[in-house]
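To be precise, the following lines are coords.cif, and they hold mmCIF, C-alpha atoms.
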```
data_protein
loop_
_atom_site.label_atom_id
_atom_site.label_comp_id
_atom_site.auth_asym_id
_atom_site.auth_seq_id
_atom_site.Cartn_x
_atom_site.Cartn_y
_atom_site.Cartn_z
CA MET G 1 -27.05 -11.45 -4.46
CA ASP G 2 -26.42 -9.53 -1.26
CA LYS G 3 -29.41 -9.94 1.04
CA SER G 4 -28.20 -7.67 3.82
CA LEU G 5 -29.30 -4.25 2.58
CA SER G 6 -30.29 -1.75 5.27
CA ASP G 7 -33.62 0.05 5.25
CA VAL G 8 -31.98 3.18 3.83
CA GLU G 9 -30.16 1.19 1.13
CA VAL G 10 -33.46 -0.45 0.18
CA ARG G 11 -35.13 2.96 -0.12
CA VAL G 12 -32.27 4.39 -2.21
CA LEU G 13 -32.19 1.42 -4.58
CA GLY G 14 -35.96 1.39 -4.93
CA SER G 15 -36.05 5.12 -5.66
CA LEU G 16 -33.43 4.80 -8.39
CA ILE G 17 -35.36 1.96 -10.03
CA GLU G 18 -38.62 3.90 -9.85
CA LYS G 19 -37.25 7.12 -11.32
CA GLU G 20 -35.52 5.30 -14.17
CA LEU G 21 -38.88 3.81 -15.19
CA THR G 22 -41.21 6.75 -14.47
CA THR G 23 -39.08 9.80 -15.33
CA PRO G 24 -36.23 8.59 -17.57
CA GLU G 25 -35.65 12.15 -18.81
CA TYR G 26 -34.42 13.12 -15.31
CA TYR G 27 -32.42 9.94 -14.72
CA PRO G 28 -29.65 9.39 -13.46
CA LEU G 29 -30.34 11.32 -10.24
CA SER G 30 -28.34 13.95 -8.42
CA LEU G 31 -27.95 13.60 -4.65
CA ASN G 32 -30.60 16.24 -4.06
CA SER G 33 -33.08 14.62 -6.44
CA LEU G 34 -32.42 11.17 -4.98
CA THR G 35 -32.91 12.42 -1.42
CA ASN G 36 -36.22 14.01 -2.42
CA ALA G 37 -37.25 10.75 -4.08
CA CYS G 38 -36.41 8.77 -0.94
CA ASN G 39 -38.45 11.17 1.19
CA GLN G 40 -41.54 11.22 -1.02
CA LYS G 41 -44.80 10.95 0.90
CA SER G 42 -46.55 9.18 -1.97
CA ASN G 43 -45.87 5.58 -2.99
CA ARG G 44 -43.69 5.00 0.08
CA ASP G 45 -44.17 2.77 3.11
CA PRO G 46 -42.93 3.79 5.53
CA VAL G 47 -42.46 7.49 4.77
CA MET G 48 -38.89 8.47 5.62
CA VAL G 49 -37.17 11.76 6.40
CA LEU G 50 -33.57 11.12 5.37
CA ALA G 51 -30.75 13.65 5.44
CA GLU G 52 -28.42 13.85 2.45
CA GLU G 53 -25.62 12.44 4.63
CA GLU G 54 -27.65 9.27 5.23
CA VAL G 55 -28.28 8.91 1.52
CA VAL G 56 -24.56 9.39 0.80
CA ARG G 57 -23.64 6.63 3.24
CA ALA G 58 -26.20 4.31 1.63
CA LEU G 59 -24.86 5.17 -1.84
CA ASP G 60 -21.30 4.41 -0.77
CA SER G 61 -22.40 1.03 0.59
CA LEU G 62 -24.40 0.22 -2.55
CA ARG G 63 -21.47 1.21 -4.75
CA PHE G 64 -19.24 -1.15 -2.76
CA LYS G 65 -21.82 -3.90 -3.35
CA GLN G 66 -21.81 -3.03 -7.08
CA LEU G 67 -25.49 -2.13 -7.10
CA VAL G 68 -25.05 1.60 -7.77
CA VAL G 69 -22.54 3.55 -9.81
CA LEU G 70 -21.60 7.21 -10.27
CA SER G 71 -22.85 8.10 -13.73
CA ALA G 72 -20.54 9.54 -16.37
CA GLU G 73 -23.47 11.70 -17.51
CA GLY G 74 -23.38 13.88 -14.41
CA GLY G 75 -21.34 16.78 -15.80
CA ARG G 76 -20.64 19.28 -13.05
CA VAL G 77 -23.14 17.59 -10.72
CA SER G 78 -22.58 14.02 -9.55
CA LYS G 79 -25.42 11.72 -10.57
CA TYR G 80 -26.17 8.15 -9.65
CA ARG G 81 -27.79 5.16 -11.34
CA HIS G 82 -28.45 1.61 -10.24
CA LEU G 83 -26.82 -1.49 -11.77
CA LEU G 84 -29.45 -4.01 -10.73
CA ALA G 85 -30.76 -4.79 -14.22
CA GLU G 86 -27.24 -5.21 -15.59
CA LYS G 87 -25.93 -7.15 -12.61
CA ILE G 88 -28.65 -9.81 -12.41
CA GLY G 89 -30.44 -9.43 -15.75
CA LEU G 90 -33.84 -7.89 -15.10
CA MET G 91 -36.49 -7.02 -17.66
CA PRO G 92 -38.49 -3.78 -17.20
CA ALA G 93 -41.50 -5.67 -15.80
CA GLU G 94 -39.27 -7.41 -13.26
CA GLN G 95 -37.64 -4.11 -12.33
CA ALA G 96 -41.07 -2.60 -11.71
CA ILE G 97 -42.06 -5.40 -9.33
CA ILE G 98 -38.75 -5.28 -7.47
CA GLY G 99 -38.90 -1.49 -7.27
CA GLU G 100 -42.43 -1.54 -5.88
CA LEU G 101 -41.54 -4.10 -3.22
CA LEU G 102 -38.45 -2.11 -2.24
CA LEU G 103 -40.47 1.08 -1.86
CA ARG G 104 -43.62 -0.19 -0.17
CA GLY G 105 -42.81 -3.53 1.41
CA PRO G 106 -44.79 -6.81 1.10
CA GLN G 107 -47.85 -6.62 -1.20
CA THR G 108 -50.47 -8.82 -2.81
CA VAL G 109 -50.69 -9.51 -6.55
CA GLY G 110 -53.54 -7.03 -6.88
CA GLU G 111 -51.64 -4.29 -5.05
CA LEU G 112 -48.56 -4.85 -7.18
CA ARG G 113 -50.60 -4.63 -10.37
CA THR G 114 -52.35 -1.41 -9.35
CA ARG G 115 -49.34 0.33 -7.87
CA GLY G 116 -46.83 -0.95 -10.39
CA GLU G 117 -48.76 0.40 -13.40
CA ARG G 118 -46.92 3.72 -13.12
CA MET G 119 -43.66 1.89 -13.83
CA TYR G 120 -44.85 -0.80 -16.25
CA PRO G 121 -48.18 -1.51 -18.01
CA PHE G 122 -48.97 -4.99 -16.71
CA GLY G 123 -52.58 -5.11 -17.86
CA GLU G 124 -53.94 -8.31 -16.31
CA LEU G 125 -53.20 -9.95 -12.98
CA ALA G 126 -51.86 -12.97 -14.85
CA ALA G 127 -49.01 -10.84 -16.20
CA VAL G 128 -48.00 -9.85 -12.67
CA GLU G 129 -48.24 -13.45 -11.45
CA GLU G 130 -46.01 -14.59 -14.31
CA VAL G 131 -43.32 -12.06 -13.37
CA LEU G 132 -43.57 -13.02 -9.71
CA GLN G 133 -43.06 -16.68 -10.56
CA GLU G 134 -40.01 -15.86 -12.66
CA LEU G 135 -38.49 -13.87 -9.81
CA MET G 136 -39.18 -16.65 -7.30
CA LEU G 137 -37.91 -19.51 -9.47
CA ARG G 138 -34.50 -18.00 -10.18
CA GLU G 139 -31.44 -19.93 -9.05
CA THR G 140 -31.14 -17.22 -6.40
CA PRO G 141 -34.73 -16.13 -5.66
CA LEU G 142 -35.28 -12.38 -5.49
CA ILE G 143 -38.72 -12.49 -3.88
CA ALA G 144 -40.74 -14.86 -1.74
CA LEU G 145 -44.41 -15.49 -0.98
CA MET G 146 -45.03 -14.86 2.71
CA PRO G 147 -47.37 -17.09 4.73
CA ARG G 148 -50.96 -15.86 4.57
CA GLN G 149 -51.82 -14.04 7.76
CA PRO G 150 -55.06 -14.52 9.72
CA GLY G 151 -57.78 -12.25 8.39
CA ARG G 152 -56.16 -11.84 4.97
CA LYS G 153 -57.54 -13.45 1.82
CA GLU G 154 -54.25 -13.38 -0.09
CA GLY G 155 -50.61 -13.93 0.65
CA ARG G 156 -48.16 -11.09 0.16
CA TYR G 157 -44.91 -11.11 -1.79
CA ALA G 158 -41.73 -9.64 -0.32
CA GLN G 159 -38.32 -8.73 -1.74
CA LEU G 160 -35.33 -10.64 -0.39
CA PHE G 161 -32.63 -7.98 -0.75
CA SER G 162 -32.91 -7.25 2.97
CA GLY G 163 -34.07 -10.70 4.01
CA LEU G 164 -37.61 -12.01 4.44
CA PRO G 165 -39.69 -9.85 6.84
CA GLU G 166 -40.87 -11.55 10.00
CA CYS G 167 -44.58 -12.35 10.23
CA SER G 168 -45.59 -11.25 13.68
CA GLU G 169 -49.07 -11.53 15.15
CA GLU G 170 -49.07 -7.77 15.67
CA SER G 171 -48.72 -7.12 11.93
CA SER G 172 -51.93 -9.06 11.23
CA GLU G 173 -53.97 -6.90 13.59
CA VAL G 174 -56.00 -3.99 12.29
CA ARG G 175 -54.31 -0.75 13.28
CA PRO G 176 -56.60 1.72 15.08
CA GLU G 177 -57.31 5.04 13.39
CA ALA G 178 -55.04 7.97 14.22
CA ALA G 179 -57.94 9.78 15.91
CA ARG G 180 -58.65 6.74 18.09
CA GLN G 181 -54.99 6.51 19.05
CA ARG G 182 -55.09 10.17 20.14
CA VAL G 183 -58.25 9.57 22.18
CA VAL G 184 -56.69 6.54 23.87
CA ALA G 185 -53.54 8.53 24.68
CA GLU G 186 -55.64 11.40 26.08
CA ASN G 187 -57.69 9.00 28.20
CA GLU G 188 -54.52 7.41 29.55
CA ARG G 189 -53.14 10.85 30.39
CA ILE G 190 -56.35 11.84 32.22
CA THR G 191 -56.40 8.55 34.13
CA LYS G 192 -52.79 9.08 35.19
CA LEU G 193 -53.56 12.63 36.37
CA GLU G 194 -56.58 11.39 38.34
CA GLU G 195 -54.43 8.75 40.03
CA GLU G 196 -51.82 11.39 40.91
CA VAL G 197 -54.51 13.70 42.33
CA ALA G 198 -55.96 10.85 44.41
CA ALA G 199 -52.49 10.04 45.74
CA LEU G 200 -51.91 13.70 46.67
CA ARG G 201 -55.25 13.87 48.43
CA GLY G 202 -54.30 10.80 50.43
CA GLU G 203 -51.01 12.40 51.45
CA ILE G 204 -52.81 15.62 52.47
CA THR G 205 -55.27 13.65 54.59
CA MET G 206 -52.36 11.88 56.34
CA LEU G 207 -50.63 15.21 56.98
CA GLN G 208 -53.81 16.68 58.43
CA GLN G 209 -54.18 13.73 60.78
CA THR G 210 -50.54 14.02 61.85
CA MET G 211 -50.94 17.77 62.55
CA ALA G 212 -54.11 17.15 64.52
CA GLU G 213 -52.35 14.54 66.66
CA PHE G 214 -49.41 16.92 67.17
CA ARG G 215 -51.67 19.77 68.32
CA ALA G 216 -53.57 17.46 70.65
CA GLN G 217 -50.34 16.93 72.61
CA PHE G 218 -50.35 20.62 73.69
CA GLU G 219 -54.04 20.98 74.55
#
```
Could you take the file, read its structure, and then write that structure out as structure tokens?
Amino acid sequence: MDKSLSDVEVRVLGSLIEKELTTPEYYPLSLNSLTNACNQKSNRDPVMVLAEEEVVRALDSLRFKQLVVLSAEGGRVSKYRHLLAEKIGLMPAEQAIIGELLLRGPQTVGELRTRGERMYPFGELAAVEEVLQELMLRETPLIALMPRQPGRKEGRYAQLFSGLPECSEESSEVRPEAARQRVVAENERITKLEEEVAALRGEITMLQQTMAEFRAQFE
């Protein structure tokens, strides 16, 4: 299995998996529908704003890797579907887990159960854990359990199609609220302006002293 997918390829593949499971009546997807799916603000992390050209390039790359194919059901409009289930033999429950990890990044068992319900009815946490174990114990693992980070009660699972994400210390820190970030930025801007004003006042004082000394020469 190719583990070098780009962020855009991951989003495209995840979107195709999701739409096959949640809205099969509209699947396969046209380029326009797929682009809209990639740019959804819900059930996405991070939220992306991709142009159709970027999606086309990702589709071409995924087709070369035999993960996506142009559907014969497209008619006058080209439509695309993924080949992941056929290529590596995935059951619907496994597709749902993979799709969720592709769309929203590393997640705990509880998060996968709650968020994955729209794609597959897992029911209990044990059902999710069983699927996760199956995906990890394959000859070529598709997911991995990341080391538990400080401050977190549970470890998170990550997909391996784009490699295992790095666990940095920054990612374990609580992110400040958007409003607090704006306040901090505003305070920094005010502090910078105050420093600039103080520097200008110092320059004016020096100029005044220089002018006074110059005038004194003619008195």
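Using only C-alpha atoms, the nearest neighbour of Val8 (chain G) within the list G:Gly110, G:Gly75, G:Pro46, G:Pro24 is G:Pro46.
Separating CA of Val128 (chain G) from CA of Leu101 (chain G) is a distance of 12.8 Å.
When you apply the PyMOL selection byres ((chain G and resi 58) around 10) to this structure, what comes back is Leu5, Ser6, Asp7, Val8, Glu9, Val10, Arg11, Val12, Leu13, Glu52, Glu53, Glu54, Val55, Val56, Arg57, Leu59, Asp60, Ser61, Leu62, Arg63, Phe64 and Val68 of chain G.
When CA of Ser78 (chain G) is paired with CA of Ile17 (chain G), their separation reads 17.6 Å.
CA of Arg81 (chain G) is positioned 11.9 Å from CA of Ser33 (chain G).
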If you count only C-alpha atoms, the residue of G:Lys192, G:Arg180, G:Arg201, G:Arg104 closest to Arg156 (chain G) turns out to be G:Arg104
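Neighbouring residues of Ile97 (chain G) at 7 Å or closer, counting only C-alpha atoms and skipping chain neighbours under 3 positions away, are Ala93, Glu94, Glu100, Leu101, Leu112 and Gly116 of chain G.
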With the file shown as input, list the residues that the PyMOL selection byres ((chain G and resi 29) around 9) selects, as a PDB file with C-alpha atoms, in the coordinates of the input.
```pdb
ATOM      1  CA  LEU G  16     -33.430   4.800  -8.390  1.00  0.00           C
ATOM      2  CA  LYS G  19     -37.250   7.120 -11.320  1.00  0.00           C
ATOM      3  CA  GLU G  20     -35.520   5.300 -14.170  1.00  0.00           C
ATOM      4  CA  TYR G  26     -34.420  13.120 -15.310  1.00  0.00           C
ATOM      5  CA  TYR G  27     -32.420   9.940 -14.720  1.00  0.00           C
ATOM      6  CA  PRO G  28     -29.650   9.390 -13.460  1.00  0.00           C
ATOM      7  CA  SER G  30     -28.340  13.950  -8.420  1.00  0.00           C
ATOM      8  CA  LEU G  31     -27.950  13.600  -4.650  1.00  0.00           C
ATOM      9  CA  ASN G  32     -30.600  16.240  -4.060  1.00  0.00           C
ATOM     10  CA  SER G  33     -33.080  14.620  -6.440  1.00  0.00           C
ATOM     11  CA  LEU G  34     -32.420  11.170  -4.980  1.00  0.00           C
ATOM     12  CA  SER G  71     -22.850   8.100 -13.730  1.00  0.00           C
ATOM     13  CA  GLY G  74     -23.380  13.880 -14.410  1.00  0.00           C
ATOM     14  CA  SER G  78     -22.580  14.020  -9.550  1.00  0.00           C
ATOM     15  CA  LYS G  79     -25.420  11.720 -10.570  1.00  0.00           C
ATOM     16  CA  TYR G  80     -26.170   8.150  -9.650  1.00  0.00           C
ATOM     17  CA  ARG G  81     -27.790   5.160 -11.340  1.00  0.00           C
TER      18      ARG G  81
END
```
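Between Ile98 (chain G) and the candidates G:Gln159, G:Thr205, G:Thr35, G:Thr191, the tightest atom-to-atom separation, counting only C-alpha atoms, involves G:Gln159.
Put simply, the PyMOL selection byres ((chain G and resi 162) around 7) in this file takes in Lys3, Ser4, Leu5, Ser6, Leu160, Phe161, Gly163 and Leu164 of chain G.
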(-44.0, 2.1, 2.7) in this file's frame - what residues fall within 9 Å of it? Use only C-alpha atoms and give the answer as a PyMOL selection string. chain G and resi 42-48+101-105
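The residue that comes closest to Pro147 (chain G), out of G:Ala198, G:Pro106, G:Leu132, G:Phe218 and on the basis of all atoms listed in the file, is G:Pro106.
Using all atoms listed in the file, the shortest contact distance between Glu154 (chain G) and any of G:Ala199, G:Ala85, G:Val109, G:Ala127 is found at G:Val109.
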